[in-house]
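See below for query25.csv, which holds CSV, C-alpha atoms.
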```csv
chain,number,residue,atom,x,y,z
A,39,MET,CA,159.1,65.6,134.7
A,40,ALA,CA,162.2,63.8,133.6
A,41,LYS,CA,163.1,64.3,129.9
A,42,PRO,CA,161.8,61.6,127.6
A,43,LYS,CA,164.0,58.4,127.4
A,44,PRO,CA,163.6,55.5,125.0
A,45,ALA,CA,161.0,53.2,126.4
A,46,ASN,CA,163.3,50.4,127.2
A,47,ALA,CA,165.6,52.6,129.3
A,48,LYS,CA,163.0,53.5,131.8
A,49,ASP,CA,163.6,53.0,135.4
A,50,PRO,CA,162.4,49.5,136.3
A,51,ALA,CA,161.6,50.7,139.9
A,52,GLU,CA,159.0,53.1,138.4
A,53,CYS,CA,157.3,50.2,136.8
A,54,THR,CA,157.4,48.1,140.0
A,55,GLN,CA,155.9,51.0,141.9
A,56,MET,CA,153.0,51.1,139.6
A,57,ILE,CA,152.5,47.3,139.8
A,58,LEU,CA,152.4,47.1,143.6
A,59,PRO,CA,149.1,48.9,144.4
A,60,VAL,CA,147.4,47.1,141.5
A,61,ARG,CA,148.6,43.8,143.1
A,62,ASP,CA,147.3,44.9,146.5
A,63,ALA,CA,143.9,45.5,144.9
A,64,LEU,CA,144.0,42.2,143.1
A,65,ASP,CA,144.9,40.4,146.3
A,66,ILE,CA,141.7,41.6,147.9
A,67,LEU,CA,139.5,41.2,144.9
A,68,SER,CA,141.0,37.9,143.6
A,69,GLY,CA,139.0,35.1,142.1
A,70,LYS,CA,135.9,35.3,140.0
A,71,TRP,CA,133.3,35.7,142.8
A,72,LYS,CA,134.1,38.7,145.0
A,73,LEU,CA,133.2,41.4,142.7
A,74,PRO,CA,130.0,39.7,141.6
A,75,ILE,CA,129.0,39.4,145.3
A,76,ILE,CA,129.8,43.1,145.8
A,77,ILE,CA,127.7,44.0,142.8
A,78,SER,CA,124.8,41.9,144.0
A,79,LEU,CA,124.9,43.8,147.4
A,80,SER,CA,125.2,47.2,145.6
A,81,PHE,CA,121.5,46.6,144.6
A,82,GLY,CA,120.5,46.4,148.2
A,83,ASN,CA,120.9,44.2,151.3
A,84,LYS,CA,120.4,40.5,150.7
A,85,ARG,CA,120.0,37.2,152.3
A,86,PHE,CA,122.3,34.4,151.5
A,87,SER,CA,119.7,32.6,149.3
A,88,GLN,CA,118.9,35.7,147.3
A,89,MET,CA,122.6,36.1,146.4
A,90,ALA,CA,122.9,32.4,145.5
A,91,ARG,CA,120.1,32.9,143.0
A,92,GLU,CA,121.3,36.1,141.5
A,93,ILE,CA,125.0,35.3,140.9
A,94,PRO,CA,125.2,32.9,138.0
A,95,ASN,CA,126.8,29.5,138.8
A,96,ILE,CA,128.0,30.3,142.3
A,97,THR,CA,127.9,27.3,144.7
A,98,ASP,CA,126.7,27.8,148.3
A,99,ARG,CA,130.1,26.7,149.5
A,100,MET,CA,131.9,29.3,147.4
A,101,LEU,CA,129.4,32.1,148.4
A,102,SER,CA,129.9,31.3,152.0
A,103,LYS,CA,133.7,31.3,151.8
A,104,GLU,CA,133.8,34.5,149.8
A,105,LEU,CA,131.4,36.3,152.1
A,106,ARG,CA,133.6,35.5,155.0
A,107,ASP,CA,136.7,36.8,153.2
A,108,LEU,CA,134.8,40.0,152.3
A,109,GLU,CA,133.7,40.4,155.9
A,110,ILE,CA,137.3,40.1,157.1
A,111,ASN,CA,138.3,42.8,154.7
A,112,GLN,CA,135.4,45.0,155.9
A,113,LEU,CA,133.8,45.2,152.4
A,114,VAL,CA,130.7,43.4,153.5
A,115,LYS,CA,128.8,43.4,156.8
A,116,ARG,CA,126.8,40.5,158.2
A,117,THR,CA,123.9,41.3,160.4
A,118,VAL,CA,122.0,38.8,162.5
A,119,TYR,CA,118.5,39.8,163.5
A,120,PRO,CA,117.3,38.0,166.6
A,121,SER,CA,113.9,37.2,165.3
A,122,VAL,CA,112.4,33.7,165.3
A,123,PRO,CA,113.6,32.2,163.1
A,124,VAL,CA,116.9,34.2,163.1
A,125,VAL,CA,117.3,36.4,159.9
A,126,VAL,CA,120.8,36.9,158.6
A,127,GLU,CA,121.3,39.8,156.2
A,128,TYR,CA,124.4,40.9,154.2
A,129,SER,CA,125.1,44.5,153.3
A,130,MET,CA,127.8,46.5,151.6
A,131,THR,CA,129.9,48.7,153.9
A,132,GLN,CA,130.9,52.2,153.2
A,133,TYR,CA,134.3,50.8,152.3
A,134,GLY,CA,132.8,48.3,149.9
A,135,LYS,CA,131.1,51.3,148.1
A,136,SER,CA,134.6,52.7,147.4
A,137,LEU,CA,134.9,49.9,144.8
A,138,GLU,CA,132.2,51.5,142.7
A,139,ARG,CA,134.6,53.1,140.1
A,140,VAL,CA,136.7,49.9,139.8
A,141,ILE,CA,133.5,48.0,139.1
A,142,GLY,CA,132.3,50.6,136.6
A,143,GLU,CA,135.5,50.5,134.6
A,144,LEU,CA,135.6,46.6,134.6
A,145,ARG,CA,132.0,46.6,133.4
A,146,ASN,CA,132.7,49.1,130.6
A,147,TRP,CA,135.7,47.1,129.5
A,148,GLY,CA,133.8,43.8,129.7
A,149,MET,CA,130.9,45.1,127.6
A,150,GLN,CA,133.1,46.4,124.8
A,151,HIS,CA,135.2,43.2,125.0
A,152,ARG,CA,132.1,41.1,124.4
A,153,LYS,CA,131.0,43.4,121.6
A,154,ARG,CA,134.4,43.0,120.0
A,155,ILE,CA,134.3,39.2,120.2
A,156,ILE,CA,130.8,39.1,118.7
A,157,THR,CA,131.7,41.4,115.8
A,158,LYS,CA,134.8,39.3,115.1
A,159,LYS,CA,132.9,36.1,115.1
A,160,SER,CA,130.2,37.4,112.7
A,161,SER,CA,132.8,38.7,110.3
A,162,GLU,CA,134.6,35.4,110.1
B,150,MET,CA,113.9,55.8,135.8
B,151,ALA,CA,111.6,53.4,137.6
B,152,LYS,CA,110.2,54.7,140.8
B,153,PRO,CA,112.2,53.6,143.9
B,154,LYS,CA,111.5,50.2,145.3
B,155,PRO,CA,112.7,48.7,148.5
B,156,ALA,CA,116.2,47.3,147.9
B,157,ASN,CA,115.2,43.7,148.2
B,158,ALA,CA,112.4,43.9,145.7
B,159,LYS,CA,114.7,44.8,142.8
B,160,ASP,CA,114.6,42.7,139.7
B,161,PRO,CA,117.3,40.0,140.1
B,162,ALA,CA,117.7,40.0,136.3
B,163,GLU,CA,119.0,43.6,136.5
B,164,CYS,CA,121.7,42.5,139.0
B,165,THR,CA,122.7,39.6,136.9
B,166,GLN,CA,122.9,41.9,133.9
B,167,MET,CA,125.4,44.0,135.7
B,168,ILE,CA,127.5,41.0,136.9
B,169,LEU,CA,127.9,39.4,133.4
B,170,PRO,CA,130.2,42.0,131.8
B,171,VAL,CA,132.3,42.3,135.0
B,172,ARG,CA,132.7,38.5,134.8
B,173,ASP,CA,133.7,38.7,131.2
B,174,ALA,CA,136.4,41.2,132.1
B,175,LEU,CA,137.6,39.1,135.1
B,176,ASP,CA,137.8,36.0,132.9
B,177,ILE,CA,140.3,37.7,130.6
B,178,LEU,CA,142.3,39.4,133.4
B,179,SER,CA,142.1,36.6,135.9
B,180,GLY,CA,144.9,35.7,138.2
B,181,LYS,CA,147.5,37.9,139.8
B,182,TRP,CA,149.9,38.3,136.9
B,183,LYS,CA,148.1,39.5,133.8
B,184,LEU,CA,147.6,43.1,134.8
B,185,PRO,CA,151.2,43.5,136.2
B,186,ILE,CA,152.5,42.2,132.8
B,187,ILE,CA,150.3,44.7,131.0
B,188,ILE,CA,151.5,47.5,133.3
B,189,SER,CA,155.1,46.5,132.6
B,190,LEU,CA,154.5,46.7,128.9
B,191,SER,CA,152.7,50.1,129.3
B,192,PHE,CA,156.2,51.5,130.1
B,193,GLY,CA,157.5,50.3,126.7
B,194,ASN,CA,158.3,47.3,124.7
B,195,LYS,CA,160.2,44.6,126.7
B,196,ARG,CA,162.1,41.5,126.3
B,197,PHE,CA,161.2,38.5,128.4
B,198,SER,CA,164.1,38.8,130.9
B,199,GLN,CA,163.3,42.5,131.5
B,200,MET,CA,159.8,41.7,132.5
B,201,ALA,CA,160.9,38.8,134.7
B,202,ARG,CA,163.1,41.4,136.6
B,203,GLU,CA,160.4,44.1,136.9
B,204,ILE,CA,157.4,42.0,138.1
B,205,PRO,CA,158.0,41.1,141.7
B,206,ASN,CA,158.0,37.3,142.4
B,207,ILE,CA,156.9,36.1,139.0
B,208,THR,CA,158.5,32.9,137.8
B,209,ASP,CA,159.7,32.4,134.2
B,210,ARG,CA,157.1,29.6,133.8
B,211,MET,CA,154.3,31.9,134.9
B,212,LEU,CA,155.4,34.8,132.8
B,213,SER,CA,155.6,32.6,129.7
B,214,LYS,CA,152.2,31.1,130.3
B,215,GLU,CA,150.5,34.4,131.0
B,216,LEU,CA,152.2,36.1,127.9
B,217,ARG,CA,150.8,33.3,125.8
B,218,ASP,CA,147.2,33.9,127.2
B,219,LEU,CA,147.5,37.6,126.7
B,220,GLU,CA,148.7,37.1,123.1
B,221,ILE,CA,145.7,34.8,122.4
B,222,ASN,CA,143.4,37.6,123.7
B,223,GLN,CA,145.3,40.1,121.5
B,224,LEU,CA,146.3,42.3,124.5
B,225,VAL,CA,150.0,41.7,123.9
B,226,LYS,CA,152.0,41.2,120.7
B,227,ARG,CA,155.1,39.1,120.3
B,228,THR,CA,157.6,40.2,117.7
B,229,VAL,CA,160.6,38.1,116.5
B,230,TYR,CA,163.4,40.1,115.0
B,231,PRO,CA,165.5,37.8,112.7
B,232,SER,CA,168.8,39.1,113.9
B,233,VAL,CA,171.6,36.8,115.1
B,234,PRO,CA,170.9,35.9,117.8
B,235,VAL,CA,167.1,36.2,117.3
B,236,VAL,CA,165.6,39.0,119.4
B,237,VAL,CA,162.0,38.5,120.8
B,238,GLU,CA,160.2,41.6,122.0
B,239,TYR,CA,156.8,42.0,123.6
B,240,SER,CA,154.6,45.0,123.2
B,241,MET,CA,151.1,46.1,124.2
B,242,THR,CA,148.5,46.2,121.4
B,243,GLN,CA,146.1,49.0,120.9
B,244,TYR,CA,143.5,46.8,122.5
B,245,GLY,CA,145.8,46.3,125.5
B,246,LYS,CA,145.8,50.0,125.9
B,247,SER,CA,142.1,50.0,126.3
B,248,LEU,CA,142.7,48.6,129.8
B,249,GLU,CA,144.3,51.9,131.0
B,250,ARG,CA,141.3,53.1,132.9
B,251,VAL,CA,140.7,49.7,134.6
B,252,ILE,CA,144.3,49.7,135.7
B,253,GLY,CA,144.1,53.3,136.9
B,254,GLU,CA,141.1,52.6,139.1
B,255,LEU,CA,142.6,49.5,140.5
B,256,ARG,CA,145.7,51.4,141.3
B,257,ASN,CA,143.8,54.2,143.0
B,258,TRP,CA,141.9,51.7,145.1
B,259,GLY,CA,145.0,49.6,145.9
B,260,MET,CA,146.8,52.7,147.1
B,261,GLN,CA,144.0,53.9,149.4
B,262,HIS,CA,143.5,50.4,150.7
B,263,ARG,CA,147.2,50.2,151.7
B,264,LYS,CA,147.0,53.6,153.4
B,265,ARG,CA,143.9,52.4,155.3
B,266,ILE,CA,145.6,49.2,156.5
B,267,ILE,CA,148.7,51.2,157.6
B,268,THR,CA,146.6,53.8,159.5
B,269,LYS,CA,144.6,51.1,161.2
B,270,LYS,CA,147.7,49.1,162.3
B,271,SER,CA,149.4,52.2,163.7
B,272,SER,CA,146.3,53.1,165.7
B,273,GLU,CA,146.0,49.7,167.3
```
What is this file in structure tokens?
Amino acid sequence: MAKPKPANAKDPAECTQMILPVRDALDILSGKWKLPIIISLSFGNKRFSQMAREIPNITDRMLSKELRDLEINQLVKRTVYPSVPVVVEYSMTQYGKSLERVIGELRNWGMQHRKRIITKKSSE
Amino acid sequence: MAKPKPANAKDPAECTQMILPVRDALDILSGKWKLPIIISLSFGNKRFSQMAREIPNITDRMLSKELRDLEINQLVKRTVYPSVPVVVEYSMTQYGKSLERVIGELRNWGMQHRKRIITKKSSE
């Protein structure tokens, strides 16, 4: 460990190093829909219409676009069953499951954020 | 615990319940710049120009807009020192520090995602 320096004198490269992987993650998970879709699939395999019902306010168009992005990044798998009529099912890949802890922390933070807002409003 | 049900039969309300706090968190942290700004301030108080240098590709306009949003949500504090010339410094609030674990998990995930991409490219 380097000896402590005043905060402002820290190496800017160190800070940038820390930012880059977070940016990589944000690039993949960007927007307001990808994580909700992954959460929905964490409860089990789903068909398109089931997800459309479970995710508040998502449009079919958005859901379809985001599912395609998630498939490209191998977080979600699309399986077509050759029945009559054809059944299409979406599932989370093993790789998608690696997001569990990220989602858990976002959820914890979101819950305490909402609690904080409510407490504040009621004390105003 | 309820007894196991087939995945598809799960209560959709349970899934929606899980999505809402994550959505709350994403609303506050949306976009590609807010977390990088918070990371930059986690290394110490900064002036505007220092942050503009440390955060890859951010424009002054974006930085200024995002700092304002973060200030409104009380994640970042702006302090004006009445020196000549006036010095403006940004710092992370106690509340901003509560994002540490979210950032840590995003960073871990981003790092292993990058490793995965590189391994795949080199084996192609």
Produce a table with one row for each residue of chain B that has an atom at most 8 Å from any atom of chain A, each row naming the nearest atom pair and its distance in Å at one decimal; use all atoms listed in the file; arrange rows by chain and rising residue number; format as a tab-separated table.
```
residue	atom	partner	partner_atom	distance
B:Ala156	CA	A:Gly82	CA	4.4
B:Asn157	CA	A:Gly82	CA	5.9
B:Lys159	CA	A:Phe81	CA	7.3
B:Pro161	CA	A:Glu92	CA	5.8
B:Ala162	CA	A:Glu92	CA	7.4
B:Cys164	CA	A:Ser78	CA	5.9
B:Thr165	CA	A:Glu92	CA	5.9
B:Met167	CA	A:Arg145	CA	7.5
B:Ile168	CA	A:Pro74	CA	5.5
B:Pro170	CA	A:Gly148	CA	4.5
B:Val171	CA	A:Arg145	CA	4.6
B:Arg172	CA	A:Lys70	CA	6.9
B:Asp173	CA	A:Gly148	CA	5.3
B:Ala174	CA	A:Gly148	CA	4.4
B:Leu175	CA	A:Lys70	CA	6.4
B:Asp176	CA	A:Lys70	CA	7.4
B:Ser179	CA	A:Gly69	CA	7.1
B:Gly180	CA	A:Ser68	CA	7.0
B:Lys181	CA	A:Leu64	CA	6.5
B:Leu184	CA	A:Val60	CA	7.8
B:Pro185	CA	A:Ile57	CA	5.4
B:Ile188	CA	A:Ile57	CA	6.6
B:Ser189	CA	A:Cys53	CA	6.0
B:Phe192	CA	A:Ala45	CA	6.3
B:Gly193	CA	A:Ala45	CA	4.6
B:Asn194	CA	A:Asn46	CA	6.4
B:Lys195	CA	A:Asn46	CA	6.6
B:Glu203	CA	A:Pro50	CA	5.8
B:Ile204	CA	A:Thr54	CA	6.4
B:Pro205	CA	A:Thr54	CA	7.2
B:Ser247	CA	A:Trp147	CA	7.7
B:Leu248	CA	A:Trp147	CA	7.2
B:Arg250	CA	A:Glu143	CA	6.6
B:Val251	CA	A:Glu143	CA	5.3
B:Ile252	CA	A:Val60	CA	7.1
B:Glu254	CA	A:Val140	CA	5.2
B:Leu255	CA	A:Val60	CA	5.5
B:Arg256	CA	A:Val60	CA	4.6
B:Asn257	CA	A:Pro59	CA	7.6
B:Trp258	CA	A:Ala63	CA	6.5
B:Gly259	CA	A:Ala63	CA	4.4
B:Met260	CA	A:Pro59	CA	5.2
B:His262	CA	A:Ala63	CA	7.6
B:Arg263	CA	A:Asp62	CA	7.4
```
* Between B:Tyr239, B:Leu219, B:Arg227, B:Thr268, which one has atoms that come closest to Ser198 in chain B, using only C-alpha atoms? ->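 Of B:Tyr239, B:Leu219, B:Arg227, B:Thr268, the one nearest Ser198 in chain B, counting only C-alpha atoms, is B:Tyr239.
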* To one decimal in Å, tell me the separation between CA of Arg99 in chain A and CA of Lys135 in chain A. =>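 Going from CA of Arg99 in chain A over to CA of Lys135 in chain A covers 24.7 Å.
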* Asked: Pick the closest to Ser240 in chain B from B:Leu216, B:Met211, B:Ile221, B:Ser272: which is it, counting all atoms listed in the file?
  ->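 Of the candidates, the smallest distance to Ser240 in chain B is held by B:Leu216.
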* To do: Find the distance between CA of Leu224 in chain B and CA of Thr242 in chain B and write it in Å to one decimal.
  =>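 Straight-line distance from CA of Leu224 in chain B to CA of Thr242 in chain B works out to 5.4 Å.
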* **Using all atoms listed in the file: which of B:Val229, B:Glu238, B:Lys214, B:Gly245 has the shortest distance to Phe197 in chain B** =>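 Closest candidate: B:Glu238.
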* Asked: So which one's closest to Asp218 in chain B, B:Asn206, B:Arg265, B:Lys183, B:Val235? Using only C-alpha atoms, please.
  -> B:Lys183
* Asked: What separation in Å, quoted to one decimal, exists between CA of Ile96 in chain A and CA of Glu215 in chain B?
  ->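 So the answer is 25.5 Å.
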